[in-house]
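Undergrad: Quick one: this structure, given as structure tokens, is what I'll be asking you about.
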Amino acid sequence: MATLQKSVISFPMGLGASGLLLMALMAHGGAALPISSHCRLDESNFTSYITNLTFMLAKEANSADNNTDVRLIGKELFHGVNDEERCYLMKHVLNFTLKEVLFPRSDRFQPYMQQVLSFLDKLSNNLSQCHIEGDDQHIQRNVQQLKDTVNQLGESGEIKAIGELDLLFMALRTACVSSQQTWKMS
């Protein structure tokens, strides 16, 4: 994104909105991408410190997970969801995980839980304006299947969700940070 901003600044101030739109499209090879998107996270959010805490929390919860037959964050979650919609999907998965799993279980798996919970809550706030245009029923259906699985498994499902925080973390990073790569000029 810095490359695009640098290019915009170097053009004369009288260029106007249509010129800026043309430059943005040229930077994307002519692809019609939105000029701004709230479905993005900054790479700087994913420090090695918080990565380590998240993975340690997941590992601790994973050791308490007795159900090895079920995967919550896997290819089924992304079935029918194109790459541009994945951050929006992960926003919903994150919000469910926070509200239905982590906040009610915030007293477990200490000392990592509080810092990871704060971090994930910050990401959720950053994604609060993330929306897609058009129908999102396919995404809502996938999220509902995940919710149903967690609820059917009960406490075991909640532990599994905490044990898969490393997968949630990586899926968020992949879906929401890598989308910024489209803004860089090749």
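Starting from 1 in every chain, residues are counted up; chains themselves are A, B, ... following the order of the structure tokens, and ligands are numbered from 1 as listed.
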Each residue of range 31-109 of chain A lying at most 10 Å from range 138-149 of chain A should get a row with its shortest atom-to-atom pair and the distance in Å to one decimal, counting only C-alpha atoms; could you produce that, ordered by chain and increasing number, as JSON lines?
TA:
{"residue": "A:Val70", "atom": "CA", "partner": "A:Thr149", "partner_atom": "CA", "distance": 8.7}
{"residue": "A:Arg71", "atom": "CA", "partner": "A:Leu146", "partner_atom": "CA", "distance": 9.4}
{"residue": "A:Leu72", "atom": "CA", "partner": "A:Leu146", "partner_atom": "CA", "distance": 6.2}
{"residue": "A:Ile73", "atom": "CA", "partner": "A:Leu146", "partner_atom": "CA", "distance": 8.3}
{"residue": "A:Glu76", "atom": "CA", "partner": "A:Asn142", "partner_atom": "CA", "distance": 7.8}
{"residue": "A:Leu77", "atom": "CA", "partner": "A:Asn142", "partner_atom": "CA", "distance": 5.6}
{"residue": "A:Phe78", "atom": "CA", "partner": "A:Asn142", "partner_atom": "CA", "distance": 7.4}
{"residue": "A:His79", "atom": "CA", "partner": "A:Asn142", "partner_atom": "CA", "distance": 7.6}
{"residue": "A:Gly80", "atom": "CA", "partner": "A:His138", "partner_atom": "CA", "distance": 6.9}
{"residue": "A:Val81", "atom": "CA", "partner": "A:Ile139", "partner_atom": "CA", "distance": 6.7}
{"residue": "A:Asn82", "atom": "CA", "partner": "A:Ile139", "partner_atom": "CA", "distance": 9.9}
{"residue": "A:Glu85", "atom": "CA", "partner": "A:Ile139", "partner_atom": "CA", "distance": 8.3}
{"residue": "A:Arg86", "atom": "CA", "partner": "A:Ile139", "partner_atom": "CA", "distance": 8.8}
{"residue": "A:Tyr88", "atom": "CA", "partner": "A:Ile139", "partner_atom": "CA", "distance": 8.4}
{"residue": "A:Leu89", "atom": "CA", "partner": "A:Ile139", "partner_atom": "CA", "distance": 6.0}
{"residue": "A:Met90", "atom": "CA", "partner": "A:Val143", "partner_atom": "CA", "distance": 8.9}
{"residue": "A:His92", "atom": "CA", "partner": "A:Val143", "partner_atom": "CA", "distance": 6.9}
{"residue": "A:Val93", "atom": "CA", "partner": "A:Val143", "partner_atom": "CA", "distance": 6.4}
{"residue": "A:Phe96", "atom": "CA", "partner": "A:Lys147", "partner_atom": "CA", "distance": 7.5}
{"residue": "A:Thr97", "atom": "CA", "partner": "A:Lys147", "partner_atom": "CA", "distance": 8.9}
{"residue": "A:Glu100", "atom": "CA", "partner": "A:Lys147", "partner_atom": "CA", "distance": 9.0}
Undergrad: Might you pull out every residue within 8 Å of Thr54 in chain A, with only C-alpha atoms counted and same-chain residues fewer than 5 positions away left off, and present them as a list in words?
TA: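 Once the nearby chain positions are removed, what remains is Tyr112, Val116, Leu165, Asp166 and Phe169 of chain A.
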Undergrad: With only C-alpha atoms as the basis for distance, which of A:Val101, A:Met56, A:Cys130, A:Leu94 is at the shortest distance from Cys39 in chain A?
TA: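 Checking each of A:Val101, A:Met56, A:Cys130, A:Leu94 against Cys39 in chain A, counting only C-alpha atoms, the winner is A:Cys130.
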Undergrad: If you count only C-alpha atoms, which residues fall within 12 Å of Phe119 in chain A, apart from same-chain ones fewer than 5 positions away, as a short mmCIF file (atom, residue, chain, number, x, y, z; two decimals) with N, CA, C and O atoms, in the first residue's frame?
TA:
data_model
loop_
_atom_site.label_atom_id
_atom_site.label_comp_id
_atom_site.auth_asym_id
_atom_site.auth_seq_id
_atom_site.Cartn_x
_atom_site.Cartn_y
_atom_site.Cartn_z
N ASN A 45 0.05 -6.30 13.62
CA ASN A 45 -0.73 -6.88 14.70
C ASN A 45 -0.19 -8.25 15.11
O ASN A 45 -0.35 -8.66 16.25
N PHE A 46 0.42 -8.95 14.18
CA PHE A 46 0.81 -10.34 14.38
C PHE A 46 2.29 -10.43 14.78
O PHE A 46 3.10 -10.99 14.06
N THR A 47 2.60 -9.89 15.94
CA THR A 47 3.97 -9.92 16.44
C THR A 47 4.35 -11.34 16.85
O THR A 47 3.48 -12.18 17.11
N TYR A 49 5.58 -12.16 19.62
CA TYR A 49 5.16 -12.33 21.02
C TYR A 49 3.73 -12.86 21.10
O TYR A 49 3.46 -13.86 21.76
N ILE A 50 2.79 -12.20 20.41
CA ILE A 50 1.39 -12.63 20.48
C ILE A 50 1.21 -13.95 19.74
O ILE A 50 0.38 -14.77 20.14
N THR A 51 1.99 -14.18 18.71
CA THR A 51 1.95 -15.46 18.02
C THR A 51 2.32 -16.58 18.99
O THR A 51 1.61 -17.59 19.09
N LEU A 53 2.23 -16.56 22.31
CA LEU A 53 1.20 -16.71 23.35
C LEU A 53 -0.01 -17.48 22.82
O LEU A 53 -0.54 -18.36 23.50
N THR A 54 -0.43 -17.13 21.62
CA THR A 54 -1.60 -17.79 21.03
C THR A 54 -1.33 -19.27 20.81
O THR A 54 -2.17 -20.12 21.13
N LEU A 94 -14.23 -15.44 14.24
CA LEU A 94 -13.57 -14.77 15.37
C LEU A 94 -14.60 -14.27 16.37
O LEU A 94 -14.47 -14.48 17.58
N LEU A 98 -14.92 -15.50 20.21
CA LEU A 98 -14.80 -14.57 21.34
C LEU A 98 -16.02 -14.62 22.25
O LEU A 98 -15.90 -14.83 23.45
N LEU A 102 -14.43 -17.87 24.29
CA LEU A 102 -13.34 -17.28 25.07
C LEU A 102 -13.81 -16.41 26.24
O LEU A 102 -13.30 -16.56 27.36
N TYR A 112 -2.00 -17.44 29.70
CA TYR A 112 -2.03 -16.92 28.33
C TYR A 112 -3.37 -16.31 27.93
O TYR A 112 -3.41 -15.43 27.07
N MET A 113 -4.44 -16.79 28.52
CA MET A 113 -5.79 -16.45 28.05
C MET A 113 -6.04 -14.95 27.99
O MET A 113 -6.54 -14.45 26.98
N GLN A 114 -5.72 -14.20 29.02
CA GLN A 114 -6.08 -12.79 29.06
C GLN A 114 -5.41 -11.98 27.94
O GLN A 114 -6.08 -11.17 27.29
N SER A 124 -11.02 -8.16 16.39
CA SER A 124 -12.46 -8.11 16.13
C SER A 124 -12.93 -6.67 15.95
O SER A 124 -13.70 -6.37 15.03
N ASN A 125 -12.45 -5.78 16.81
CA ASN A 125 -12.80 -4.36 16.67
C ASN A 125 -12.29 -3.79 15.36
O ASN A 125 -12.98 -3.01 14.70
N ASN A 126 -11.08 -4.18 14.97
CA ASN A 126 -10.53 -3.71 13.70
C ASN A 126 -11.34 -4.19 12.51
O ASN A 126 -11.39 -3.52 11.47
N LEU A 165 -7.07 -22.24 18.37
CA LEU A 165 -6.78 -20.81 18.25
C LEU A 165 -5.59 -20.55 17.35
O LEU A 165 -5.53 -19.52 16.68
N PHE A 169 -5.86 -18.10 14.32
CA PHE A 169 -4.86 -17.05 14.19
C PHE A 169 -4.26 -17.05 12.78
O PHE A 169 -4.19 -16.01 12.13
#
Undergrad: To one decimal place, how far is CA of Ile132 in chain A from CA of Cys176 in chain A in Å?
TA: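 Separating CA of Ile132 in chain A from CA of Cys176 in chain A is a distance of 13.2 Å.
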Undergrad: Mind pulling up the distance from CA of Leu153 in chain A to CA of Lys59 in chain A?
TA: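 According to the coordinates, CA of Lys59 in chain A and CA of Leu153 in chain A are separated by 19.2 Å.
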Undergrad: If I take CA of Glu164 in chain A and CA of Leu41 in chain A, how far is one from the other in Å, to one decimal?
TA: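 These atoms are spaced 20.0 Å apart.
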